[in-house]
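A.B. asks: Supplied structure: target35.txt, compact mmCIF, C-alpha atoms.
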# COMPACT_ATOMS: atom_id res chain seq x y z
CA MET A 1 0.00 0.00 0.00
CA ILE A 2 2.78 2.44 0.91
CA ASN A 3 4.55 2.09 -2.43
CA SER A 4 1.33 2.44 -4.45
CA LEU A 5 -0.03 5.40 -2.47
CA ARG A 6 2.99 7.70 -2.75
CA PRO A 7 2.96 8.07 -6.56
CA GLN A 8 -0.82 8.47 -6.48
CA LEU A 9 -0.51 11.31 -3.99
CA ASP A 10 1.97 12.99 -6.31
CA ILE A 11 -0.54 12.77 -9.16
CA TRP A 12 -3.39 14.14 -7.02
CA SER A 13 -1.23 16.98 -5.72
CA LYS A 14 -0.47 18.19 -9.24
CA SER A 15 -3.83 17.49 -10.87
CA ASP A 16 -6.33 20.30 -11.44
CA LEU A 17 -9.06 17.66 -11.32
CA CYS A 18 -8.34 16.79 -7.68
CA HIS A 19 -9.79 19.33 -5.26
CA MET A 20 -9.48 17.39 -2.00
CA VAL A 21 -8.30 14.04 -0.71
CA PHE A 22 -10.36 11.68 1.45
CA GLY A 23 -8.67 9.06 3.60
CA THR A 24 -11.05 6.22 4.49
CA GLY A 25 -10.73 2.60 5.52
CA LEU A 26 -12.50 -0.59 4.55
CA GLY A 27 -14.57 -2.61 7.00
CA ARG A 28 -14.14 -1.89 10.70
CA ALA A 29 -10.77 -0.12 10.47
CA PHE A 30 -9.33 3.11 9.12
CA CYS A 31 -5.96 1.34 9.34
CA ALA A 32 -4.78 -1.01 12.09
CA GLY A 33 -1.07 -0.59 11.31
CA GLY A 34 1.71 -2.24 9.34
CA ASP A 35 2.80 -5.86 9.08
CA VAL A 36 5.38 -5.72 11.86
CA ALA A 37 5.71 -9.51 11.98
CA THR A 38 7.15 -9.46 8.46
CA VAL A 39 9.37 -6.51 9.36
CA LEU A 40 10.71 -8.47 12.33
CA LYS A 41 11.36 -11.53 10.18
CA ASP A 42 13.33 -9.41 7.71
CA SER A 43 15.29 -7.71 10.50
CA LEU A 44 16.49 -11.00 11.97
CA ASN A 45 18.34 -11.96 8.77
CA GLU A 46 21.33 -9.85 7.79
CA ALA A 47 20.55 -10.38 4.11
CA THR A 48 16.97 -9.07 4.41
CA ARG A 49 17.53 -6.49 7.14
CA PRO A 50 17.80 -3.62 4.62
CA ALA A 51 14.21 -4.43 3.57
CA ALA A 52 13.02 -4.00 7.17
CA ILE A 53 14.75 -0.63 7.45
CA GLN A 54 13.40 0.40 4.04
CA PHE A 55 9.87 -0.35 5.23
CA PHE A 56 10.17 2.25 7.97
CA LYS A 57 11.79 4.76 5.61
CA ASP A 58 8.97 4.42 3.08
CA GLU A 59 6.35 4.62 5.83
CA PHE A 60 7.75 7.74 7.49
CA GLU A 61 8.22 9.55 4.18
CA LEU A 62 4.61 8.81 3.24
CA ASP A 63 3.38 10.12 6.60
CA PHE A 64 5.26 13.38 6.08
CA ILE A 65 3.94 13.80 2.54
CA LEU A 66 0.37 13.25 3.76
CA SER A 67 0.86 15.95 6.40
CA GLN A 68 1.98 18.42 3.74
CA LEU A 69 -0.51 17.83 0.93
CA PRO A 70 -1.30 20.98 -1.07
CA LYS A 71 -4.92 19.80 -1.39
CA PRO A 72 -7.29 19.65 1.61
CA TYR A 73 -6.97 16.24 3.26
CA ILE A 74 -9.86 14.75 5.25
CA ALA A 75 -9.01 11.62 7.25
CA VAL A 76 -12.13 9.70 8.27
CA LEU A 77 -11.06 7.70 11.34
CA ASP A 78 -14.27 5.67 11.38
CA GLY A 79 -12.91 2.54 13.04
CA ILE A 80 -9.66 1.08 14.35
CA THR A 81 -6.82 3.59 14.00
CA MET A 82 -3.64 2.23 15.50
CA GLY A 83 0.13 2.40 15.11
CA GLY A 84 1.07 2.93 11.49
CA GLY A 85 -2.57 3.72 10.73
CA VAL A 86 -2.35 6.77 12.98
CA GLY A 87 0.50 8.10 10.85
CA LEU A 88 -1.71 8.05 7.75
CA GLY A 89 -4.24 10.40 9.31
CA ILE A 90 -2.71 12.39 12.16
CA GLY A 91 -1.19 15.08 9.92
CA ALA A 92 -4.46 15.85 8.12
CA PRO A 93 -5.99 19.27 8.88
CA PHE A 94 -9.35 17.46 9.19
CA ARG A 95 -9.46 14.27 11.27
CA ILE A 96 -12.97 12.97 11.85
CA ALA A 97 -13.73 10.65 14.77
CA THR A 98 -16.98 8.73 15.19
CA GLU A 99 -18.38 6.48 17.89
CA LYS A 100 -16.55 3.62 16.11
CA THR A 101 -13.09 5.20 16.36
CA VAL A 102 -10.58 3.17 18.38
CA PHE A 103 -7.21 4.94 18.74
CA ALA A 104 -3.96 3.57 20.16
CA MET A 105 -0.20 3.65 19.76
CA PRO A 106 0.42 0.06 20.97
CA GLU A 107 4.17 -0.19 20.31
CA THR A 108 5.42 -0.60 23.89
CA LYS A 109 3.26 -3.74 24.09
CA ILE A 110 5.46 -5.37 21.47
CA GLY A 111 8.86 -4.16 22.64
CA TYR A 112 9.07 -1.28 20.17
CA CYS A 113 8.55 2.51 20.38
CA PRO A 114 5.74 4.77 19.08
CA ASP A 115 6.73 6.10 15.66
CA VAL A 116 5.10 7.59 12.51
CA GLY A 117 5.67 11.04 14.02
CA ALA A 118 4.38 10.16 17.51
CA SER A 119 7.30 11.96 19.15
CA PHE A 120 6.00 15.11 17.41
CA PHE A 121 2.21 14.88 17.79
CA LEU A 122 1.99 13.15 21.19
CA SER A 123 4.42 15.65 22.73
CA ARG A 124 2.09 18.48 21.68
CA MET A 125 -1.03 17.13 23.37
CA ASP A 126 -2.42 18.89 26.44
CA GLY A 127 -0.53 18.28 29.67
CA GLU A 128 1.10 14.86 29.82
CA LEU A 129 -1.52 12.98 27.81
CA GLY A 130 1.00 12.21 25.08
CA ALA A 131 3.55 10.71 27.44
CA TYR A 132 0.81 8.63 29.05
CA LEU A 133 -0.46 7.27 25.72
CA ALA A 134 3.06 6.58 24.46
CA LEU A 135 4.10 4.57 27.51
CA THR A 136 0.88 2.74 28.35
CA SER A 137 -0.41 2.03 24.82
CA ASP A 138 -3.83 2.87 26.25
CA THR A 139 -6.82 2.85 23.91
CA LEU A 140 -9.12 5.83 23.35
CA VAL A 141 -12.60 5.29 21.99
CA GLY A 142 -15.08 7.49 20.18
CA ARG A 143 -15.66 11.00 21.45
CA GLU A 144 -12.59 11.11 23.70
CA VAL A 145 -10.37 10.92 20.59
CA PHE A 146 -11.90 14.28 19.64
CA GLU A 147 -12.02 15.76 23.14
CA LEU A 148 -8.33 15.02 23.74
CA GLY A 149 -7.32 16.68 20.47
CA LEU A 150 -6.31 13.71 18.32
CA ALA A 151 -9.32 14.26 16.06
CA THR A 152 -10.55 17.67 14.94
CA HIS A 153 -14.23 16.73 14.62
CA TYR A 154 -16.75 14.24 15.97
CA VAL A 155 -19.75 13.11 13.91
CA PRO A 156 -22.00 10.02 13.97
CA SER A 157 -20.70 7.19 11.79
CA ARG A 158 -24.00 6.96 9.91
CA THR A 159 -23.55 10.54 8.61
CA ILE A 160 -20.16 9.91 6.95
CA PRO A 161 -21.56 8.98 3.50
CA SER A 162 -23.74 12.10 3.33
CA LEU A 163 -20.85 14.24 4.60
CA MET A 164 -18.59 12.96 1.84
CA ASP A 165 -21.31 13.61 -0.73
CA ARG A 166 -21.72 17.19 0.50
CA LEU A 167 -17.99 17.85 0.43
CA ALA A 168 -17.68 16.32 -3.04
CA GLU A 169 -20.09 18.96 -4.38
CA TYR A 170 -17.48 21.70 -3.84
CA GLU A 171 -15.29 22.43 -6.84
CA HIS A 172 -12.63 24.50 -5.11
CA PRO A 173 -13.45 24.36 -1.39
CA SER A 174 -11.66 26.54 1.11
CA LEU A 175 -10.52 25.06 4.39
CA THR A 176 -13.16 27.16 6.14
CA GLN A 177 -15.91 25.74 3.92
CA ILE A 178 -14.81 22.21 4.66
CA ASN A 179 -14.64 22.90 8.38
CA CYS A 180 -18.13 24.43 8.47
CA THR A 181 -19.59 21.53 6.50
CA ILE A 182 -18.18 18.99 8.95
CA GLU A 183 -19.20 21.12 11.94
CA ASP A 184 -22.81 21.07 10.69
CA LEU A 185 -22.89 17.35 11.47
CA HIS A 186 -21.14 17.58 14.85
CA SER A 187 -22.74 15.38 17.49
CA GLU A 188 -23.02 17.09 20.90
CA ARG A 189 -22.40 15.12 24.08
CA GLN A 190 -25.70 13.85 25.46
CA PRO A 191 -26.65 14.33 29.16
CA ASP A 192 -26.60 10.57 29.80
CA GLU A 193 -23.34 10.03 27.91
CA PRO A 194 -20.47 9.03 30.25
CA SER A 195 -17.52 11.40 30.45
CA GLY A 196 -14.10 10.40 29.16
CA LYS A 197 -11.95 8.24 31.42
CA LEU A 198 -9.08 10.77 31.49
CA MET A 199 -11.05 13.74 32.77
CA GLY A 200 -11.37 15.49 36.12
CA ALA A 201 -9.30 14.27 39.06
CA VAL A 202 -7.82 11.41 37.03
CA ARG A 203 -6.48 13.86 34.47
CA ASN A 204 -4.84 15.95 37.22
CA ALA A 205 -3.24 12.79 38.60
CA LEU A 206 -2.06 11.83 35.12
CA ASP A 207 -0.38 15.19 34.55
CA SER A 208 1.27 14.98 37.96
CA ALA A 209 2.62 11.46 37.51
CA PHE A 210 3.78 11.69 33.90
CA ARG A 211 5.43 15.12 34.15
CA HIS A 212 8.75 13.52 35.06
CA ASN A 213 11.61 12.89 32.66
CA SER A 214 12.44 9.49 34.08
CA VAL A 215 10.28 6.37 34.05
CA GLU A 216 11.41 5.55 37.58
CA LYS A 217 9.96 8.82 38.90
CA ILE A 218 6.73 8.24 37.00
CA LEU A 219 6.39 4.84 38.67
CA ASP A 220 7.12 6.36 42.09
CA SER A 221 4.44 9.00 41.56
CA LEU A 222 1.92 6.37 40.50
CA ALA A 223 2.72 4.32 43.59
CA THR A 224 2.01 7.35 45.78
CA LEU A 225 -1.25 8.08 43.93
CA SER A 226 -2.32 4.48 44.48
CA SER A 227 -2.97 5.47 48.10
CA SER A 228 -5.10 8.49 47.19
CA PRO A 229 -8.34 8.83 49.18
CA ASP A 230 -10.08 9.52 45.86
CA THR A 231 -10.98 6.02 44.66
CA ARG A 232 -11.09 7.16 41.03
CA VAL A 233 -7.48 8.32 41.26
CA SER A 234 -6.20 5.35 43.28
CA GLY A 235 -7.93 2.88 40.96
CA TRP A 236 -6.51 4.57 37.87
CA ALA A 237 -3.00 4.70 39.39
CA LYS A 238 -3.03 1.02 40.36
CA GLN A 239 -4.24 -0.02 36.92
CA THR A 240 -1.63 2.18 35.22
CA LEU A 241 1.14 0.65 37.34
CA GLU A 242 -0.02 -2.82 36.33
CA THR A 243 -0.12 -1.76 32.69
CA LEU A 244 3.41 -0.33 32.74
CA HIS A 245 4.70 -3.48 34.43
CA MET A 246 3.50 -5.44 31.38
CA ARG A 247 5.39 -3.21 28.95
CA SER A 248 8.99 -3.56 27.81
CA PRO A 249 11.23 -1.61 30.22
CA THR A 250 13.53 -0.65 27.35
CA SER A 251 10.58 0.50 25.24
CA LEU A 252 9.29 2.65 28.10
CA LYS A 253 12.58 4.48 28.43
CA VAL A 254 13.06 4.89 24.68
CA ALA A 255 9.48 6.13 24.25
CA LEU A 256 9.75 8.71 27.04
CA ALA A 257 13.09 9.99 25.75
CA ALA A 258 11.65 10.30 22.22
CA ILE A 259 8.58 12.19 23.43
CA ARG A 260 10.68 14.67 25.41
CA ARG A 261 13.06 15.27 22.49
CA GLY A 262 10.26 15.45 19.92
CA GLY A 263 8.61 18.33 21.75
CA ASN A 264 11.38 20.63 20.48
CA MET A 265 11.59 19.25 16.95
CA SER A 266 9.89 19.84 13.62
CA LEU A 267 7.90 16.92 12.22
CA ARG A 268 10.65 16.27 9.68
CA ASP A 269 13.32 16.10 12.40
CA ALA A 270 11.13 13.99 14.68
CA LEU A 271 10.58 11.46 11.91
CA GLN A 272 14.33 11.36 11.25
CA MET A 273 14.95 10.68 14.95
CA GLU A 274 12.38 7.89 14.82
CA MET A 275 14.12 6.52 11.74
CA GLY A 276 17.23 6.17 13.86
CA ILE A 277 15.26 4.40 16.59
CA ALA A 278 13.65 2.02 14.08
CA THR A 279 17.05 1.28 12.53
CA ALA A 280 18.47 0.49 15.97
CA TYR A 281 15.64 -1.91 16.72
CA CYS A 282 16.12 -3.63 13.36
CA ASN A 283 19.82 -4.02 14.16
CA GLY A 284 19.16 -5.73 17.49
CA ALA A 285 19.60 -2.81 19.90
CA SER A 286 17.00 -4.55 22.07
CA PRO A 287 15.91 -8.19 21.99
CA ASP A 288 12.47 -7.01 23.13
CA PHE A 289 11.45 -6.22 19.53
CA CYS A 290 11.61 -9.93 18.73
CA THR A 291 10.31 -11.04 22.13
CA GLY A 292 7.30 -8.72 22.06
CA ILE A 293 6.12 -9.40 18.52
CA SER A 294 6.52 -13.15 19.01
CA ALA A 295 4.67 -13.13 22.34
CA VAL A 296 1.87 -10.67 21.54
CA LEU A 297 1.22 -11.06 17.82
CA VAL A 298 2.35 -14.62 17.02
CA ASP A 299 1.88 -16.72 20.17
CA LYS A 300 -0.76 -14.31 21.57
CA ILE A 301 0.17 -15.00 25.18
CA GLN A 302 -1.59 -13.13 27.98
CA GLU A 303 1.33 -13.21 30.41
CA ARG A 304 4.14 -10.70 30.63
CA PRO A 305 6.73 -11.36 27.91
CA ALA A 306 10.28 -12.24 28.95
CA TRP A 307 11.72 -8.75 28.51
CA SER A 308 15.46 -8.17 28.69
CA PRO A 309 16.41 -6.22 30.72
CA ASP A 310 13.51 -7.25 32.92
CA LYS A 311 13.43 -4.22 35.23
CA ILE A 312 13.32 -0.48 34.57
CA GLU A 313 16.38 0.21 36.71
CA GLU A 314 18.39 -2.25 34.58
CA VAL A 315 17.89 -0.17 31.41
CA SER A 316 21.14 1.78 31.55
CA PRO A 317 22.04 5.05 29.81
CA GLU A 318 24.32 2.96 27.59
CA ILE A 319 21.34 0.95 26.36
CA LEU A 320 19.40 4.15 25.69
CA ASP A 321 22.34 5.55 23.71
CA ARG A 322 21.95 2.70 21.24
CA PHE A 323 18.79 4.41 19.98
CA PHE A 324 19.80 8.08 20.10
CA SER A 325 23.58 8.51 19.99
CA ASP A 326 25.18 9.56 16.71
CA ASN A 327 28.01 7.16 17.56
CA SER A 328 25.73 4.15 18.00
CA ASP A 329 26.67 1.19 15.81
CA TYR A 330 23.01 0.15 15.88
CA ARG A 331 22.08 3.37 14.03
CA SER A 332 24.94 3.29 11.54
CA GLN A 333 22.68 2.04 8.71
CA MET A 334 20.08 4.76 9.29
CA PRO A 335 18.97 6.24 5.94
CA ARG A 336 18.14 9.91 5.53
CA LEU A 337 14.48 10.52 4.80
CA SER A 338 13.86 12.09 1.40
CA PHE A 339 10.86 13.92 0.02
CA PRO A 340 9.55 14.98 -3.42
CA ASP A 341 11.13 17.89 -5.25
CA SER A 342 7.71 19.47 -5.78
CA PRO A 343 6.92 22.27 -3.33
CA LEU A 344 5.12 21.16 -0.20
CA ASP A 345 2.55 23.26 1.65
CA HIS A 346 3.96 23.98 5.12
CA SER A 347 1.26 26.49 6.02
CA VAL A 348 -1.51 24.15 7.21
CA ASN A 349 -1.54 23.72 10.98
CA SER A 350 -2.84 20.24 11.83
CA MET A 351 -4.46 21.67 14.99
CA ALA A 352 -6.10 24.67 13.30
CA PHE A 353 -9.56 23.07 13.33
CA ALA A 354 -9.25 21.12 16.59
CA LEU A 355 -10.49 22.20 20.00
CA PRO A 356 -8.43 25.04 21.52
CA SER A 357 -5.43 23.90 23.54
CA GLU A 358 -5.64 23.76 27.31
CA SER A 359 -2.79 26.28 27.55
CA LYS A 360 -4.85 28.79 25.55
CA ILE A 361 -7.90 28.23 27.77
CA VAL A 362 -5.79 28.55 30.93
CA GLU A 363 -4.31 31.82 29.71
CA LEU A 364 -7.80 33.28 29.21
CA ILE A 365 -8.99 32.03 32.60
CA ARG A 366 -6.00 33.57 34.36
CA VAL A 367 -6.65 36.92 32.68
CA SER A 368 -10.28 36.78 33.83
CA CYS A 369 -9.25 35.91 37.40
CA LYS A 370 -6.26 38.24 37.70
CA ASP A 371 -8.06 40.55 40.15
CA GLY A 372 -9.62 37.75 42.20
CA PRO A 373 -12.64 35.41 42.09
CA VAL A 374 -15.20 36.05 39.36
CA PRO A 375 -18.59 34.59 38.40
CA LEU A 376 -18.46 31.65 35.99
CA SER A 377 -20.87 33.51 33.73
CA GLY A 378 -18.30 36.30 33.36
CA ILE A 379 -15.55 33.88 32.30
CA LEU A 380 -17.80 32.20 29.76
CA SER A 381 -18.85 35.61 28.45
CA ASN A 382 -15.21 36.59 27.96
CA MET A 383 -14.68 33.37 26.01
CA GLU A 384 -17.85 33.63 23.95
CA SER A 385 -16.04 34.14 20.65
CA LEU A 386 -13.80 31.13 21.34
CA ILE A 387 -16.83 28.99 22.19
CA LYS A 388 -18.62 30.00 19.01
CA GLU A 389 -15.62 29.13 16.86
CA LYS A 390 -15.69 25.42 17.72
CA LEU A 391 -18.40 23.07 18.93
CA GLY A 392 -17.26 21.21 22.02
CA THR A 393 -15.19 24.13 23.32
CA LYS A 394 -17.57 25.00 26.16
CA GLU A 395 -17.35 21.46 27.54
CA LYS A 396 -13.55 21.61 27.45
CA ILE A 397 -13.50 24.99 29.19
CA THR A 398 -15.76 23.59 31.90
CA ASP A 399 -13.45 20.62 32.46
CA VAL A 400 -10.38 22.86 32.67
CA LEU A 401 -12.15 25.22 35.10
CA HIS A 402 -13.05 22.41 37.49
CA ARG A 403 -9.56 20.92 37.36
CA ARG A 404 -7.47 24.06 37.53
CA CYS A 405 -9.64 26.43 39.58
CA GLU A 406 -11.50 26.66 42.86
CA VAL A 407 -15.18 26.52 41.94
CA VAL A 408 -17.73 27.33 44.66
CA TYR A 409 -21.45 27.97 44.68
CA ASN A 410 -22.55 31.07 46.57
CA GLN A 411 -26.23 32.05 46.80
CA GLY A 412 -27.05 30.61 43.42
CA THR A 413 -23.95 31.99 41.69
CA THR A 414 -20.98 29.91 40.59
CA ILE A 415 -17.73 31.65 41.59
CA VAL A 416 -14.35 30.77 40.08
CA ALA A 417 -10.89 31.51 41.55
CA TRP A 418 -7.58 30.55 39.97
CA LYS A 419 -5.52 28.03 41.98
CA GLU A 420 -1.96 29.17 42.53
CA GLU A 421 0.47 26.59 41.10
Would you give me this structure, written as structure tokens?
C.D. replies:
Amino acid sequence: MINSLRPQLDIWSKSDLCHMVFGTGLGRAFCAGGDVATVLKDSLNEATRPAAIQFFKDEFELDFILSQLPKPYIAVLDGITMGGGVGLGIGAPFRIATEKTVFAMPETKIGYCPDVGASFFLSRMDGELGAYLALTSDTLVGREVFELGLATHYVPSRTIPSLMDRLAEYEHPSLTQINCTIEDLHSERQPDEPSGKLMGAVRNALDSAFRHNSVEKILDSLATLSSSPDTRVSGWAKQTLETLHMRSPTSLKVALAAIRRGGNMSLRDALQMEMGIATAYCNGASPDFCTGISAVLVDKIQERPAWSPDKIEEVSPEILDRFFSDNSDYRSQMPRLSFPDSPLDHSVNSMAFALPSESKIVELIRVSCKDGPVPLSGILSNMESLIKEKLGTKEKITDVLHRRCEVVYNQGTTIVAWKEE
């Protein structure tokens, strides 16, 4: 698929007959990822190892090209969207989630590291959500994919065909036209609809635990939170500890290091860094790549794979250098990523049509509260233009307010005061 899609994208980019590009899947998946079992098989044989490395090179180059298309790109994530499948859609300016969307970066389960630009896009999520998803391989479903910023829109799955028909009627649609057309079909959260699992007190605990730059400190924080009097927090912390125990210790450290570095990189540079990591894995920098794929995808065992090293504290800086150091023999075969000579459109922000970032909301709240407590109605009034720009924004503002502020009810009025940090 990778080798057939790239030349087709080049044709569409240059053709006057192509006005937009739709990315859709068949059946119950948008794309569940690449054939890593075959990649592993190729990597284990010195004669076929170049083919394994070439697979990652072709994949990462395609992901970058998709993120830079000169034509509007709409990725319809109406189903399973995991691993390599995420890379095909995450750079699109329009990423549509439905109730059928199932999102995950499951690489640490198989002794590998999140790639396809994950070090770039996960590091730019609100708070420490990206670090959490990278290390745990946790799955997000439906609306929470939109609410956490990985999708830009949320519509019912049954409306996708009519949405595509409406968009196809445009001859030369602007990005604003496309956005408004999708927004018309936005599905609001219903009163009886459960909230996302990473909201409220759990989200505060997540940001606190995963803010560290070492996996050991993250584990220590989770252990402390396991004794929280808030049962939602303690239950989440205990489950997260159990989840991380199942993951490859080497993968956890490589993933965290990549996320922290990727936060200061362009997408192009982040993909090149991930190319080095993939090359190191293919060259045997960690036996966990073979152990994990064999255990999880081939033998399908439920127990913890026999990781080596087996404990987080045994993953030394020297092991980590195998994946990141310019002097690493394991990275010596790393190819440079290359892209088409035709001009690429660097102006489209992949978050331009998503919900506003938490940092932007916090900035506005702090301005509103700079002189002391204020009525909630006043804060929402100050943010009215922001709320009108994007459906779902009011719900996000409300969540941020209750997590980051003191909210009290006084004689029928809701009063908000900023918590000093």
A.B. asks: Mind pulling up the distance from atom CA of A:Asn179 to atom CA of A:Arg28?
C.D. replies: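 Interatomic distance here is 24.9 Å.
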A.B. asks: Draw an axis-aligned box tight on the listed atoms of stretch 305-310 of chain A, then pad every side by 8 Å and write out centre and edge lengths in Å to one decimal as AutoDock Vina command-line options.
C.D. replies:
--center_x 11.6 --center_y -9.2 --center_z 30.4 --size_x 25.7 --size_y 22.0 --size_z 21.0
A.B. asks: So, with all atoms listed in the file as the atoms that count, which of A:Thr101, A:Ser214, A:Thr181, A:Thr38 lies closest to A:Gly142?
C.D. replies: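 Smallest separation from A:Gly142 among the options: A:Thr101.
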A.B. asks: Determine, using all atoms listed in the file, which residues of stretch 181-299 of chain A have any atom at most 7 Å from an atom of stretch 115-138 of chain A, and tabulate each with its shortest atom pair and distance in Å to one decimal place, rows ordered by chain and then rising number, as JSON lines.
C.D. replies:
{"residue": "A:Leu206", "atom": "CA", "partner": "A:Glu128", "partner_atom": "CA", "distance": 6.9}
{"residue": "A:Asp207", "atom": "CA", "partner": "A:Glu128", "partner_atom": "CA", "distance": 5.0}
{"residue": "A:Phe210", "atom": "CA", "partner": "A:Glu128", "partner_atom": "CA", "distance": 5.8}
{"residue": "A:Arg211", "atom": "CA", "partner": "A:Glu128", "partner_atom": "CA", "distance": 6.1}
{"residue": "A:Thr243", "atom": "CA", "partner": "A:Thr136", "partner_atom": "CA", "distance": 6.3}
{"residue": "A:Leu244", "atom": "CA", "partner": "A:Thr136", "partner_atom": "CA", "distance": 5.9}
{"residue": "A:Leu252", "atom": "CA", "partner": "A:Leu135", "partner_atom": "CA", "distance": 5.6}
{"residue": "A:Ala255", "atom": "CA", "partner": "A:Ala134", "partner_atom": "CA", "distance": 6.4}
{"residue": "A:Leu256", "atom": "CA", "partner": "A:Ala131", "partner_atom": "CA", "distance": 6.5}
{"residue": "A:Ala258", "atom": "CA", "partner": "A:Ser119", "partner_atom": "CA", "distance": 5.6}
{"residue": "A:Ile259", "atom": "CA", "partner": "A:Ser119", "partner_atom": "CA", "distance": 4.5}
{"residue": "A:Arg260", "atom": "CA", "partner": "A:Ser123", "partner_atom": "CA", "distance": 6.9}
{"residue": "A:Gly262", "atom": "CA", "partner": "A:Ser119", "partner_atom": "CA", "distance": 4.6}
{"residue": "A:Gly263", "atom": "CA", "partner": "A:Ser123", "partner_atom": "CA", "distance": 5.1}
{"residue": "A:Met265", "atom": "CA", "partner": "A:Phe120", "partner_atom": "CA", "distance": 7.0}
{"residue": "A:Leu267", "atom": "CA", "partner": "A:Phe120", "partner_atom": "CA", "distance": 5.8}
{"residue": "A:Ala270", "atom": "CA", "partner": "A:Phe120", "partner_atom": "CA", "distance": 5.9}
{"residue": "A:Leu271", "atom": "CA", "partner": "A:Gly117", "partner_atom": "CA", "distance": 5.4}
{"residue": "A:Glu274", "atom": "CA", "partner": "A:Asp115", "partner_atom": "CA", "distance": 6.0}
A.B. asks: Can you tell me, as a list in words, what residues are no more than 10 Å from stretch 198-200 of chain A when counting all atoms listed in the file, ignoring any on the same chain fewer than 6 positions away?
C.D. replies: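 So the residues in contact are Leu129, Leu140, Glu144, Glu147, Leu148, Leu206, Arg232, Val233, Trp236, Lys396, Asp399, Val400, Leu401, His402, Arg403 and Arg404 of chain A.
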A.B. asks: Rounded to one decimal place, report the atom CA of A:Ile160-atom CA of A:Leu77 distance in Å.
C.D. replies: 10.3 Å
A.B. asks: For A:Leu26, list every protein, DNA or RNA residue within 10 Å, evaluated using all atoms listed in the file, and leave out those in the same chain fewer than 4 positions away; present the list as a list of chain:residue names.
C.D. replies: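 In the requested form, the answer reads A:Phe30, A:Cys31, A:Asp78, A:Gly79.
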A.B. asks: Which residue is closest to A:Pro70? Choose from A:Val21, A:Ile110, A:Leu167, A:Ala37 and count only C-alpha atoms.
C.D. replies: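 The shortest atom-to-atom distance to A:Pro70 comes from A:Val21.
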A.B. asks: Between atom CA of A:Asp16 and atom CA of A:Asn349, what is the distance, to one decimal in Å?
C.D. replies: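 Value for the atom CA of A:Asp16-atom CA of A:Asn349 distance: 23.2 Å.
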A.B. asks: Select, from A:Thr398, A:Ser228, A:Ser187, A:Ser162, the residue with the minimum atom-to-atom distance to A:Thr414, counting all atoms listed in the file.
C.D. replies: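 Using all atoms listed in the file, A:Thr414 sits closest to A:Thr398.
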